[in-house]
file query.cif (mmCIF, C-alpha atoms, pLDDT in the B column; chains and numbers go by the auth columns)
data_protein
#
loop_
_atom_site.group_PDB
_atom_site.id
_atom_site.type_symbol
_atom_site.label_atom_id
_atom_site.label_comp_id
_atom_site.label_asym_id
_atom_site.label_seq_id
_atom_site.Cartn_x
_atom_site.Cartn_y
_atom_site.Cartn_z
_atom_site.B_iso_or_equiv
_atom_site.auth_seq_id
_atom_site.auth_asym_id
ATOM 1 C CA MET A 1 -33.342 17.549 24.562 45.00 61 A
ATOM 2 C CA THR A 2 -35.438 14.915 22.818 49.00 62 A
ATOM 3 C CA SER A 3 -36.785 16.534 19.643 65.00 63 A
ATOM 4 C CA ARG A 4 -34.611 17.683 16.756 70.00 64 A
ATOM 5 C CA PRO A 5 -34.504 21.488 16.640 80.00 65 A
ATOM 6 C CA GLU A 6 -34.423 23.812 13.648 88.00 66 A
ATOM 7 C CA LEU A 7 -30.698 24.235 13.191 95.00 67 A
ATOM 8 C CA ASP A 8 -28.850 27.003 11.385 95.00 68 A
ATOM 9 C CA THR A 9 -25.417 26.475 12.979 97.00 69 A
ATOM 10 C CA LEU A 10 -23.081 23.525 13.487 98.00 70 A
ATOM 11 C CA VAL A 11 -20.046 23.855 15.736 98.00 71 A
ATOM 12 C CA PHE A 12 -17.491 21.057 15.540 98.00 72 A
ATOM 13 C CA ASP A 13 -14.834 19.487 17.670 98.00 73 A
ATOM 14 C CA LEU A 14 -11.586 19.080 15.718 97.00 74 A
ATOM 15 C CA ASP A 15 -9.432 16.040 16.593 94.00 75 A
ATOM 16 C CA GLY A 16 -11.414 12.875 15.982 95.00 76 A
ATOM 17 C CA THR A 17 -14.344 14.735 14.421 98.00 77 A
ATOM 18 C CA LEU A 18 -13.155 16.777 11.437 98.00 78 A
ATOM 19 C CA LEU A 19 -9.498 15.742 11.349 97.00 79 A
ATOM 20 C CA ASP A 20 -7.615 12.493 11.936 96.00 80 A
ATOM 21 C CA THR A 21 -4.706 13.889 13.936 93.00 81 A
ATOM 22 C CA ILE A 22 -3.602 10.760 15.786 92.00 82 A
ATOM 23 C CA PRO A 23 -0.600 9.932 13.543 93.00 83 A
ATOM 24 C CA ASP A 24 0.940 13.357 14.164 92.00 84 A
ATOM 25 C CA LEU A 25 -0.023 13.447 17.845 90.00 85 A
ATOM 26 C CA MET A 26 1.643 10.072 18.268 93.00 86 A
ATOM 27 C CA ALA A 27 4.797 11.150 16.434 94.00 87 A
ATOM 28 C CA LEU A 28 5.132 14.373 18.423 93.00 88 A
ATOM 29 C CA THR A 29 4.396 12.754 21.779 94.00 89 A
ATOM 30 C CA ASN A 30 6.924 9.998 21.175 96.00 90 A
ATOM 31 C CA MET A 31 9.526 12.498 20.012 96.00 91 A
ATOM 32 C CA ILE A 32 9.134 14.311 23.327 96.00 92 A
ATOM 33 C CA LEU A 33 9.281 11.086 25.331 96.00 93 A
ATOM 34 C CA GLU A 34 12.436 10.044 23.495 96.00 94 A
ATOM 35 C CA GLU A 35 14.001 13.457 24.090 95.00 95 A
ATOM 36 C CA LEU A 36 13.326 13.076 27.813 96.00 96 A
ATOM 37 C CA GLY A 37 14.590 9.481 27.930 95.00 97 A
ATOM 38 C CA TYR A 38 11.249 7.735 28.435 95.00 98 A
ATOM 39 C CA PRO A 39 9.669 4.752 26.610 94.00 99 A
ATOM 40 C CA GLN A 40 7.522 5.302 23.534 94.00 100 A
ATOM 41 C CA ARG A 41 3.726 4.995 23.644 95.00 101 A
ATOM 42 C CA THR A 42 1.542 2.917 21.332 94.00 102 A
ATOM 43 C CA GLN A 43 -1.236 4.324 19.179 90.00 103 A
ATOM 44 C CA GLU A 44 -3.810 2.709 21.472 89.00 104 A
ATOM 45 C CA GLU A 45 -2.282 4.472 24.460 92.00 105 A
ATOM 46 C CA ILE A 46 -2.201 7.836 22.685 91.00 106 A
ATOM 47 C CA LEU A 47 -5.840 7.364 21.670 86.00 107 A
ATOM 48 C CA SER A 48 -6.783 6.839 25.309 85.00 108 A
ATOM 49 C CA PHE A 49 -4.982 10.037 26.327 86.00 109 A
ATOM 50 C CA VAL A 50 -6.517 12.497 23.850 82.00 110 A
ATOM 51 C CA GLY A 51 -9.636 14.614 24.265 70.00 111 A
ATOM 52 C CA SER A 52 -8.884 16.757 27.310 72.00 112 A
ATOM 53 C CA GLY A 53 -6.165 19.008 25.971 75.00 113 A
ATOM 54 C CA VAL A 54 -2.462 18.747 25.309 83.00 114 A
ATOM 55 C CA ARG A 55 -1.370 19.122 28.922 86.00 115 A
ATOM 56 C CA ARG A 56 -3.373 16.078 29.988 86.00 116 A
ATOM 57 C CA LEU A 57 -2.076 14.144 26.977 90.00 117 A
ATOM 58 C CA ILE A 58 1.500 14.902 27.980 92.00 118 A
ATOM 59 C CA TYR A 59 0.919 14.163 31.662 93.00 119 A
ATOM 60 C CA LEU A 60 -0.636 10.781 30.872 94.00 120 A
ATOM 61 C CA ALA A 61 2.077 9.881 28.364 95.00 121 A
ATOM 62 C CA LEU A 62 4.827 10.556 30.887 96.00 122 A
ATOM 63 C CA PRO A 63 5.498 8.032 33.666 94.00 123 A
ATOM 64 C CA ALA A 64 3.238 8.553 36.666 92.00 124 A
ATOM 65 C CA ASP A 65 6.204 9.506 38.840 93.00 125 A
ATOM 66 C CA ALA A 66 7.491 12.208 36.472 93.00 126 A
ATOM 67 C CA SER A 67 8.267 15.423 38.309 94.00 127 A
ATOM 68 C CA GLU A 68 6.462 18.695 37.712 94.00 128 A
ATOM 69 C CA GLU A 69 9.712 20.039 36.278 95.00 129 A
ATOM 70 C CA THR A 70 9.757 17.190 33.731 96.00 130 A
ATOM 71 C CA ARG A 71 6.124 17.829 32.830 95.00 131 A
ATOM 72 C CA GLU A 72 6.841 21.486 32.196 95.00 132 A
ATOM 73 C CA GLU A 73 9.889 20.567 30.118 96.00 133 A
ATOM 74 C CA ALA A 74 7.667 18.276 28.049 95.00 134 A
ATOM 75 C CA MET A 75 5.158 21.102 27.529 92.00 135 A
ATOM 76 C CA THR A 76 7.966 23.412 26.450 94.00 136 A
ATOM 77 C CA LEU A 77 9.084 20.849 23.869 95.00 137 A
ATOM 78 C CA TRP A 78 5.498 20.530 22.633 91.00 138 A
ATOM 79 C CA ASN A 79 5.174 24.278 22.183 89.00 139 A
ATOM 80 C CA GLN A 80 8.502 24.406 20.372 92.00 140 A
ATOM 81 C CA HIS A 81 7.706 21.617 17.915 91.00 141 A
ATOM 82 C CA PHE A 82 3.931 21.210 17.394 87.00 142 A
ATOM 83 C CA HIS A 83 4.056 23.381 14.261 88.00 143 A
ATOM 84 C CA GLU A 84 6.313 20.780 12.594 90.00 144 A
ATOM 85 C CA TYR A 85 3.845 17.906 13.054 86.00 145 A
ATOM 86 C CA TYR A 86 1.044 18.238 10.544 89.00 146 A
ATOM 87 C CA HIS A 87 2.110 16.185 7.520 91.00 147 A
ATOM 88 C CA GLN A 88 0.063 13.087 8.401 93.00 148 A
ATOM 89 C CA THR A 89 -3.073 14.916 9.562 95.00 149 A
ATOM 90 C CA LYS A 90 -6.019 14.871 7.170 97.00 150 A
ATOM 91 C CA PRO A 91 -9.801 15.248 7.143 98.00 151 A
ATOM 92 C CA PHE A 92 -11.789 12.091 7.787 98.00 152 A
ATOM 93 C CA PRO A 93 -13.438 10.655 4.656 98.00 153 A
ATOM 94 C CA GLY A 94 -16.598 12.574 3.840 98.00 154 A
ATOM 95 C CA VAL A 95 -15.757 15.660 5.891 98.00 155 A
ATOM 96 C CA VAL A 96 -14.896 17.937 2.959 98.00 156 A
ATOM 97 C CA PRO A 97 -18.099 17.088 1.031 98.00 157 A
ATOM 98 C CA LEU A 98 -20.021 17.635 4.267 98.00 158 A
ATOM 99 C CA LEU A 99 -18.557 21.094 4.780 98.00 159 A
ATOM 100 C CA ASP A 100 -19.182 21.936 1.121 97.00 160 A
ATOM 101 C CA GLY A 101 -22.815 20.926 1.535 96.00 161 A
ATOM 102 C CA LEU A 102 -23.241 22.898 4.733 97.00 162 A
ATOM 103 C CA LYS A 103 -21.752 26.008 3.148 96.00 163 A
ATOM 104 C CA GLU A 104 -24.073 25.649 0.161 95.00 164 A
ATOM 105 C CA ARG A 105 -27.003 25.606 2.579 95.00 165 A
ATOM 106 C CA GLY A 106 -25.787 28.746 4.341 95.00 166 A
ATOM 107 C CA VAL A 107 -25.181 26.981 7.641 97.00 167 A
ATOM 108 C CA GLY A 108 -23.045 28.791 10.206 97.00 168 A
ATOM 109 C CA LEU A 109 -19.862 26.827 10.900 98.00 169 A
ATOM 110 C CA GLY A 110 -17.546 26.945 13.892 98.00 170 A
ATOM 111 C CA VAL A 111 -14.836 24.893 15.582 98.00 171 A
ATOM 112 C CA VAL A 112 -14.270 24.559 19.327 98.00 172 A
ATOM 113 C CA SER A 113 -11.369 22.308 20.285 96.00 173 A
ATOM 114 C CA ASN A 114 -9.264 21.416 23.295 93.00 174 A
ATOM 115 C CA LYS A 115 -6.152 21.923 21.169 90.00 175 A
ATOM 116 C CA LEU A 116 -4.186 25.055 21.971 89.00 176 A
ATOM 117 C CA GLN A 117 -5.422 28.029 19.957 95.00 177 A
ATOM 118 C CA ALA A 118 -2.204 28.212 17.931 92.00 178 A
ATOM 119 C CA GLY A 119 -2.608 24.545 17.001 92.00 179 A
ATOM 120 C CA VAL A 120 -6.211 25.065 15.907 95.00 180 A
ATOM 121 C CA ASP A 121 -5.267 28.041 13.757 95.00 181 A
ATOM 122 C CA GLN A 122 -2.375 26.209 12.111 93.00 182 A
ATOM 123 C CA ILE A 123 -4.018 22.890 11.330 95.00 183 A
ATOM 124 C CA MET A 124 -7.255 24.414 10.079 97.00 184 A
ATOM 125 C CA SER A 125 -5.346 26.720 7.747 96.00 185 A
ATOM 126 C CA ILE A 126 -3.504 23.708 6.337 95.00 186 A
ATOM 127 C CA CYS A 127 -6.209 21.038 6.228 96.00 187 A
ATOM 128 C CA LEU A 128 -9.534 22.892 5.948 97.00 188 A
ATOM 129 C CA PRO A 129 -8.812 26.435 4.787 95.00 189 A
ATOM 130 C CA GLU A 130 -11.662 28.856 4.133 91.00 190 A
ATOM 131 C CA TYR A 131 -14.396 26.668 5.585 94.00 191 A
ATOM 132 C CA VAL A 132 -14.563 28.027 9.109 94.00 192 A
ATOM 133 C CA THR A 133 -13.790 31.528 10.351 87.00 193 A
ATOM 134 C CA VAL A 134 -14.922 31.100 13.970 97.00 194 A
ATOM 135 C CA MET A 135 -12.385 28.812 15.628 98.00 195 A
ATOM 136 C CA TYR A 136 -11.544 28.475 19.305 98.00 196 A
ATOM 137 C CA GLY A 137 -8.955 26.374 21.048 96.00 197 A
ATOM 138 C CA GLU A 138 -7.723 26.422 24.606 93.00 198 A
ATOM 139 C CA SER A 139 -6.475 29.872 25.627 94.00 199 A
ATOM 140 C CA PRO A 140 -6.506 32.113 28.708 95.00 200 A
ATOM 141 C CA LEU A 141 -10.018 33.210 27.676 95.00 201 A
ATOM 142 C CA ILE A 142 -11.363 29.820 26.523 96.00 202 A
ATOM 143 C CA PRO A 143 -11.111 26.975 29.068 95.00 203 A
ATOM 144 C CA ARG A 144 -11.026 23.359 27.981 93.00 204 A
ATOM 145 C CA LYS A 145 -14.275 21.539 27.352 96.00 205 A
ATOM 146 C CA PRO A 146 -16.595 20.465 28.913 96.00 206 A
ATOM 147 C CA ASP A 147 -16.602 24.135 29.912 97.00 207 A
ATOM 148 C CA PRO A 148 -19.139 25.721 27.513 98.00 208 A
ATOM 149 C CA THR A 149 -17.342 29.046 27.043 98.00 209 A
ATOM 150 C CA GLY A 150 -15.922 28.222 23.607 98.00 210 A
ATOM 151 C CA ILE A 151 -19.279 27.048 22.241 98.00 211 A
ATOM 152 C CA GLN A 152 -21.034 30.066 23.721 98.00 212 A
ATOM 153 C CA GLN A 153 -18.504 32.459 22.203 98.00 213 A
ATOM 154 C CA ALA A 154 -18.794 30.719 18.827 98.00 214 A
ATOM 155 C CA MET A 155 -22.574 31.197 18.923 98.00 215 A
ATOM 156 C CA ARG A 156 -22.158 34.878 19.700 98.00 216 A
ATOM 157 C CA MET A 157 -19.763 35.325 16.792 98.00 217 A
ATOM 158 C CA LEU A 158 -22.063 33.382 14.464 98.00 218 A
ATOM 159 C CA LYS A 159 -25.088 35.379 15.698 98.00 219 A
ATOM 160 C CA THR A 160 -27.190 32.379 16.626 97.00 220 A
ATOM 161 C CA ALA A 161 -28.827 30.874 19.697 97.00 221 A
ATOM 162 C CA PRO A 162 -28.546 27.566 21.562 97.00 222 A
ATOM 163 C CA ALA A 163 -31.934 26.449 20.229 96.00 223 A
ATOM 164 C CA ASN A 164 -30.579 26.684 16.671 96.00 224 A
ATOM 165 C CA THR A 165 -27.116 25.201 17.278 97.00 225 A
ATOM 166 C CA ALA A 166 -25.659 21.698 17.357 98.00 226 A
ATOM 167 C CA TYR A 167 -22.275 20.807 18.752 98.00 227 A
ATOM 168 C CA VAL A 168 -20.698 17.834 16.986 98.00 228 A
ATOM 169 C CA GLY A 169 -17.925 15.807 18.604 98.00 229 A
ATOM 170 C CA ASP A 170 -16.462 12.351 19.052 96.00 230 A
ATOM 171 C CA SER A 171 -15.980 12.189 22.819 95.00 231 A
ATOM 172 C CA PRO A 172 -18.097 12.108 25.984 95.00 232 A
ATOM 173 C CA GLY A 173 -16.443 15.392 26.971 95.00 233 A
ATOM 174 C CA ASP A 174 -17.822 16.956 23.791 97.00 234 A
ATOM 175 C CA ILE A 175 -21.336 15.846 24.682 98.00 235 A
ATOM 176 C CA LYS A 176 -20.942 17.242 28.204 97.00 236 A
ATOM 177 C CA ALA A 177 -19.790 20.545 26.693 98.00 237 A
ATOM 178 C CA ALA A 178 -22.857 20.586 24.430 98.00 238 A
ATOM 179 C CA ARG A 179 -25.119 19.971 27.418 98.00 239 A
ATOM 180 C CA ASN A 180 -23.424 22.726 29.395 98.00 240 A
ATOM 181 C CA ALA A 181 -23.970 25.117 26.486 98.00 241 A
ATOM 182 C CA GLY A 182 -27.615 24.085 26.064 98.00 242 A
ATOM 183 C CA VAL A 183 -27.238 23.023 22.429 98.00 243 A
ATOM 184 C CA PHE A 184 -28.211 19.913 20.444 98.00 244 A
ATOM 185 C CA ALA A 185 -25.576 17.242 21.122 98.00 245 A
ATOM 186 C CA VAL A 186 -24.311 15.055 18.266 98.00 246 A
ATOM 187 C CA ALA A 187 -21.779 12.233 18.674 98.00 247 A
ATOM 188 C CA VAL A 188 -19.855 10.971 15.654 98.00 248 A
ATOM 189 C CA LEU A 189 -18.797 7.329 15.580 97.00 249 A
ATOM 190 C CA TRP A 190 -15.897 7.580 13.130 97.00 250 A
ATOM 191 C CA GLY A 191 -13.605 9.229 15.682 94.00 251 A
ATOM 192 C CA TYR A 192 -11.603 8.101 18.679 92.00 252 A
ATOM 193 C CA HIS A 193 -14.365 6.813 20.977 91.00 253 A
ATOM 194 C CA ALA A 194 -16.613 3.772 20.877 91.00 254 A
ATOM 195 C CA LYS A 195 -20.367 4.166 21.260 95.00 255 A
ATOM 196 C CA GLU A 196 -20.342 2.533 24.684 95.00 256 A
ATOM 197 C CA ASP A 197 -17.940 5.194 25.998 93.00 257 A
ATOM 198 C CA PHE A 198 -20.735 7.768 25.984 96.00 258 A
ATOM 199 C CA ALA A 199 -23.099 5.716 28.155 94.00 259 A
ATOM 200 C CA ASN A 200 -20.242 4.672 30.421 95.00 260 A
ATOM 201 C CA GLU A 201 -19.450 8.320 31.140 93.00 261 A
ATOM 202 C CA GLY A 202 -23.059 9.470 31.464 95.00 262 A
ATOM 203 C CA ALA A 203 -22.853 11.505 28.275 96.00 263 A
ATOM 204 C CA GLU A 204 -25.556 10.205 25.949 96.00 264 A
ATOM 205 C CA PRO A 205 -26.013 12.532 22.945 98.00 265 A
ATOM 206 C CA ASP A 206 -29.237 13.581 21.269 97.00 266 A
ATOM 207 C CA LEU A 207 -28.037 11.856 18.111 97.00 267 A
ATOM 208 C CA TYR A 208 -25.348 9.421 16.979 97.00 268 A
ATOM 209 C CA VAL A 209 -24.082 9.641 13.386 97.00 269 A
ATOM 210 C CA GLU A 210 -21.922 7.082 11.601 97.00 270 A
ATOM 211 C CA HIS A 211 -21.093 9.022 8.418 98.00 271 A
ATOM 212 C CA PRO A 212 -20.483 12.746 7.842 98.00 272 A
ATOM 213 C CA GLU A 213 -23.200 13.069 5.187 96.00 273 A
ATOM 214 C CA GLU A 214 -25.819 12.230 7.825 96.00 274 A
ATOM 215 C CA LEU A 215 -25.216 15.679 9.311 97.00 275 A
ATOM 216 C CA LEU A 216 -26.675 17.305 6.203 95.00 276 A
ATOM 217 C CA GLU A 217 -30.038 15.913 7.286 93.00 277 A
ATOM 218 C CA LEU A 218 -29.936 18.202 10.330 93.00 278 A
ATOM 219 C CA VAL A 219 -30.240 21.378 8.267 91.00 279 A
ATOM 220 C CA THR A 220 -32.892 22.527 5.841 67.00 280 A
ATOM 221 C CA PRO A 221 -31.632 22.863 2.231 59.00 281 A
#
call {"tool": "encode", "arguments": {"input": "query.cif", "output": "structure tokens"}}
result
Amino acid sequence: MTSRPELDTLVFDLDGTLLDTIPDLMALTNMILEELGYPQRTQEEILSFVGSGVRRLIYLALPADASEETREEAMTLWNQHFHEYYHQTKPFPGVVPLLDGLKERGVGLGVVSNKLQAGVDQIMSICLPEYVTVMYGESPLIPRKPDPTGIQQAMRMLKTAPANTAYVGDSPGDIKAARNAGVFAVAVLWGYHAKEDFANEGAEPDLYVEHPEELLELVTP
């Protein structure tokens, strides 16, 4: 897609796009590693692991020779404790005014994340309540991105079409998901990926944005 379409719907990634979750992801991951007797990971390492779902995050954080039994134990610990790790998570600067502006314009809003569905539901209810009603995370029915199922289901629920929808994310995987869903692809540069990451992974978006308020320009007042 080269021209900017007439948009009535914006669907967002969550971690690294709407919410800065890295401090809590780091704390929870390192708690699990400590519980299992493994070394802690740095913030830079955690940043490099996120974006493809919690299972991949855990697998990369564990030593490469960790057994499948250990990996499953780590996942069990994650599922037992993720609901306790939300105190440091917050919207990125400018996100709340952006969502206010989009709601004022009557724009359809959705979230599609690689977080587990329970994690999406919890953190949105705490950090961004009442902004978004259509929210999908990884579940038996919604595979991880770049699979387009979550975006497609969000469009159905929001009663819109690919030609009128943008997917907004901070990772190359988000842009690949947007392409797979046939929607306008927007990459934000305040998240967890550098601009060069998109070209390096063959995932150039239709648009880069540096500040949340720029997204208001995509919709007609």
call {"tool": "atom_distance", "arguments": {"input": "query.cif", "atom1": "atom CA of A:Glu66", "atom2": "atom CA of A:Val279"}}
result
7.2 Å
call {"tool": "residues_around", "arguments": {"input": "query.cif", "residues": "A:Tyr227", "least_positions_apart": "5", "cutoff": "12 Å", "atoms": "only C-alpha atoms", "output": "JSON, numbers by chain"}}
result
{"A": [67, 68, 69, 70, 71, 72, 73, 74, 77, 168, 169, 170, 171, 172, 173, 205, 206, 208, 210, 211, 212, 214, 215, 222, 233, 234, 235, 236, 237, 238, 239, 240, 241, 242, 243, 244, 245, 246, 247, 248, 265, 266, 267, 268, 275, 278]}
call {"tool": "resolve_selection", "arguments": {"input": "query.cif", "expression": "the PyMOL selection byres ((chain A and resi 164-166) around 8)", "output": "list of chain:residue names"}}
result
A:Asp68, A:Asp160, A:Gly161, A:Leu162, A:Lys163, A:Val167, A:Gly168, A:Val279, A:Thr280, A:Pro281
call {"tool": "residues_near_point", "arguments": {"input": "query.cif", "point": "(-11.5, 6.4, 16.0)", "cutoff": "9 Å", "atoms": "all atoms listed in the file", "output": "PyMOL selection string"}}
result
chain A and resi 76-77+80+107+230+249-254
call {"tool": "resolve_selection", "arguments": {"input": "query.cif", "expression": "the PyMOL selection byres ((chain A and resi 102) around 12)", "output": "list in words"}}
result
Ile82, Pro83, Leu85, Met86, Ala87, Thr89, Asn90, Leu93, Pro99, Gln100, Arg101, Gln103, Glu104, Glu105, Ile106, Leu107, Ser108, Phe109 and Ala121 of chain A
call {"tool": "resolve_selection", "arguments": {"input": "query.cif", "expression": "the PyMOL selection byres ((chain A and resi 150) around 6)", "output": "mmCIF file with C-alpha atoms, keeping the file's coordinate frame"}}
result
data_model
loop_
_atom_site.group_PDB
_atom_site.id
_atom_site.type_symbol
_atom_site.label_atom_id
_atom_site.label_comp_id
_atom_site.auth_asym_id
_atom_site.auth_seq_id
_atom_site.Cartn_x
_atom_site.Cartn_y
_atom_site.Cartn_z
ATOM 1 C CA LEU A 79 -9.498 15.742 11.349
ATOM 2 C CA ASP A 80 -7.615 12.493 11.936
ATOM 3 C CA THR A 149 -3.073 14.916 9.562
ATOM 4 C CA PRO A 151 -9.801 15.248 7.143
#
call {"tool": "closest_residue", "arguments": {"input": "query.cif", "among": "A:Pro189, A:Gln213, A:Gly179, A:Phe258", "to": "A:His141", "atoms": "all atoms listed in the file"}}
result
A:Gly179
call {"tool": "closest_residue", "arguments": {"input": "query.cif", "among": "A:Glu133, A:Lys255, A:Met195, A:Pro153", "to": "A:Leu78", "atoms": "all atoms listed in the file"}}
result
A:Pro153
call {"tool": "atom_distance", "arguments": {"input": "query.cif", "atom1": "atom CA of A:Ala124", "atom2": "atom CA of A:His143"}}
result
26.9 Å
call {"tool": "build_atoms", "arguments": {"input": "query.cif", "residues": "stretch 207-234 of chain A", "atoms": "N, CA and C atoms", "output": "PDB file, in the coordinates of the input"}}
result
ATOM      1  N   ASP A 207     -16.174  22.755  29.697  1.00 97.00           N
ATOM      2  CA  ASP A 207     -16.602  24.135  29.912  1.00 97.00           C
ATOM      3  C   ASP A 207     -17.259  24.644  28.624  1.00 97.00           C
ATOM      4  N   PRO A 208     -18.405  25.321  28.713  1.00 98.00           N
ATOM      5  CA  PRO A 208     -19.139  25.721  27.513  1.00 98.00           C
ATOM      6  C   PRO A 208     -18.701  27.043  26.902  1.00 98.00           C
ATOM      7  N   THR A 209     -17.690  27.693  27.478  1.00 98.00           N
ATOM      8  CA  THR A 209     -17.342  29.046  27.043  1.00 98.00           C
ATOM      9  C   THR A 209     -17.047  29.132  25.553  1.00 98.00           C
ATOM     10  N   GLY A 210     -16.277  28.183  25.026  1.00 98.00           N
ATOM     11  CA  GLY A 210     -15.922  28.222  23.607  1.00 98.00           C
ATOM     12  C   GLY A 210     -17.142  28.121  22.710  1.00 98.00           C
ATOM     13  N   ILE A 211     -18.057  27.205  23.038  1.00 98.00           N
ATOM     14  CA  ILE A 211     -19.279  27.048  22.241  1.00 98.00           C
ATOM     15  C   ILE A 211     -20.132  28.313  22.346  1.00 98.00           C
ATOM     16  N   GLN A 212     -20.234  28.852  23.535  1.00 98.00           N
ATOM     17  CA  GLN A 212     -21.034  30.066  23.721  1.00 98.00           C
ATOM     18  C   GLN A 212     -20.450  31.240  22.936  1.00 98.00           C
ATOM     19  N   GLN A 213     -19.133  31.378  22.955  1.00 98.00           N
ATOM     20  CA  GLN A 213     -18.504  32.459  22.203  1.00 98.00           C
ATOM     21  C   GLN A 213     -18.669  32.257  20.701  1.00 98.00           C
ATOM     22  N   ALA A 214     -18.577  31.001  20.247  1.00 98.00           N
ATOM     23  CA  ALA A 214     -18.794  30.719  18.827  1.00 98.00           C
ATOM     24  C   ALA A 214     -20.205  31.114  18.411  1.00 98.00           C
ATOM     25  N   MET A 215     -21.200  30.818  19.253  1.00 98.00           N
ATOM     26  CA  MET A 215     -22.574  31.197  18.923  1.00 98.00           C
ATOM     27  C   MET A 215     -22.724  32.714  18.847  1.00 98.00           C
ATOM     28  N   ARG A 216     -22.080  33.414  19.758  1.00 98.00           N
ATOM     29  CA  ARG A 216     -22.158  34.878  19.700  1.00 98.00           C
ATOM     30  C   ARG A 216     -21.564  35.402  18.404  1.00 98.00           C
ATOM     31  N   MET A 217     -20.424  34.863  18.013  1.00 98.00           N
ATOM     32  CA  MET A 217     -19.763  35.325  16.792  1.00 98.00           C
ATOM     33  C   MET A 217     -20.564  34.967  15.548  1.00 98.00           C
ATOM     34  N   LEU A 218     -21.264  33.833  15.596  1.00 98.00           N
ATOM     35  CA  LEU A 218     -22.063  33.382  14.464  1.00 98.00           C
ATOM     36  C   LEU A 218     -23.495  33.916  14.515  1.00 98.00           C
ATOM     37  N   LYS A 219     -23.780  34.709  15.563  1.00 98.00           N
ATOM     38  CA  LYS A 219     -25.088  35.379  15.698  1.00 98.00           C
ATOM     39  C   LYS A 219     -26.250  34.384  15.674  1.00 98.00           C
ATOM     40  N   THR A 220     -26.138  33.389  16.516  1.00 97.00           N
ATOM     41  CA  THR A 220     -27.190  32.379  16.626  1.00 97.00           C
ATOM     42  C   THR A 220     -27.472  32.105  18.090  1.00 97.00           C
ATOM     43  N   ALA A 221     -28.398  31.188  18.337  1.00 97.00           N
ATOM     44  CA  ALA A 221     -28.827  30.874  19.697  1.00 97.00           C
ATOM     45  C   ALA A 221     -28.686  29.388  19.965  1.00 97.00           C
ATOM     46  N   PRO A 222     -28.660  28.990  21.251  1.00 97.00           N
ATOM     47  CA  PRO A 222     -28.546  27.566  21.562  1.00 97.00           C
ATOM     48  C   PRO A 222     -29.631  26.713  20.914  1.00 97.00           C
ATOM     49  N   ALA A 223     -30.838  27.230  20.803  1.00 96.00           N
ATOM     50  CA  ALA A 223     -31.934  26.449  20.229  1.00 96.00           C
ATOM     51  C   ALA A 223     -31.719  26.134  18.757  1.00 96.00           C
ATOM     52  N   ASN A 224     -30.827  26.873  18.102  1.00 96.00           N
ATOM     53  CA  ASN A 224     -30.579  26.684  16.671  1.00 96.00           C
ATOM     54  C   ASN A 224     -29.188  26.140  16.375  1.00 96.00           C
ATOM     55  N   THR A 225     -28.508  25.623  17.406  1.00 97.00           N
ATOM     56  CA  THR A 225     -27.116  25.201  17.278  1.00 97.00           C
ATOM     57  C   THR A 225     -26.938  23.750  17.697  1.00 97.00           C
ATOM     58  N   ALA A 226     -26.110  23.032  16.949  1.00 98.00           N
ATOM     59  CA  ALA A 226     -25.659  21.698  17.357  1.00 98.00           C
ATOM     60  C   ALA A 226     -24.159  21.739  17.563  1.00 98.00           C
ATOM     61  N   TYR A 227     -23.706  21.018  18.585  1.00 98.00           N
ATOM     62  CA  TYR A 227     -22.275  20.807  18.752  1.00 98.00           C
ATOM     63  C   TYR A 227     -21.996  19.358  18.411  1.00 98.00           C
ATOM     64  N   VAL A 228     -21.000  19.147  17.557  1.00 98.00           N
ATOM     65  CA  VAL A 228     -20.698  17.834  16.986  1.00 98.00           C
ATOM     66  C   VAL A 228     -19.310  17.405  17.444  1.00 98.00           C
ATOM     67  N   GLY A 229     -19.221  16.265  18.128  1.00 98.00           N
ATOM     68  CA  GLY A 229     -17.925  15.807  18.604  1.00 98.00           C
ATOM     69  C   GLY A 229     -17.853  14.301  18.701  1.00 98.00           C
ATOM     70  N   ASP A 230     -16.663  13.800  19.026  1.00 96.00           N
ATOM     71  CA  ASP A 230     -16.462  12.351  19.052  1.00 96.00           C
ATOM     72  C   ASP A 230     -16.215  11.810  20.447  1.00 96.00           C
ATOM     73  N   SER A 231     -16.319  12.654  21.483  1.00 95.00           N
ATOM     74  CA  SER A 231     -15.980  12.189  22.819  1.00 95.00           C
ATOM     75  C   SER A 231     -17.086  12.514  23.817  1.00 95.00           C
ATOM     76  N   PRO A 232     -17.144  11.767  24.930  1.00 95.00           N
ATOM     77  CA  PRO A 232     -18.097  12.108  25.984  1.00 95.00           C
ATOM     78  C   PRO A 232     -17.918  13.538  26.486  1.00 95.00           C
ATOM     79  N   GLY A 233     -16.674  14.017  26.553  1.00 95.00           N
ATOM     80  CA  GLY A 233     -16.443  15.392  26.971  1.00 95.00           C
ATOM     81  C   GLY A 233     -17.095  16.397  26.041  1.00 95.00           C
ATOM     82  N   ASP A 234     -17.143  16.080  24.746  1.00 97.00           N
ATOM     83  CA  ASP A 234     -17.822  16.956  23.791  1.00 97.00           C
ATOM     84  C   ASP A 234     -19.315  17.021  24.083  1.00 97.00           C
TER      85      ASP A 234
END
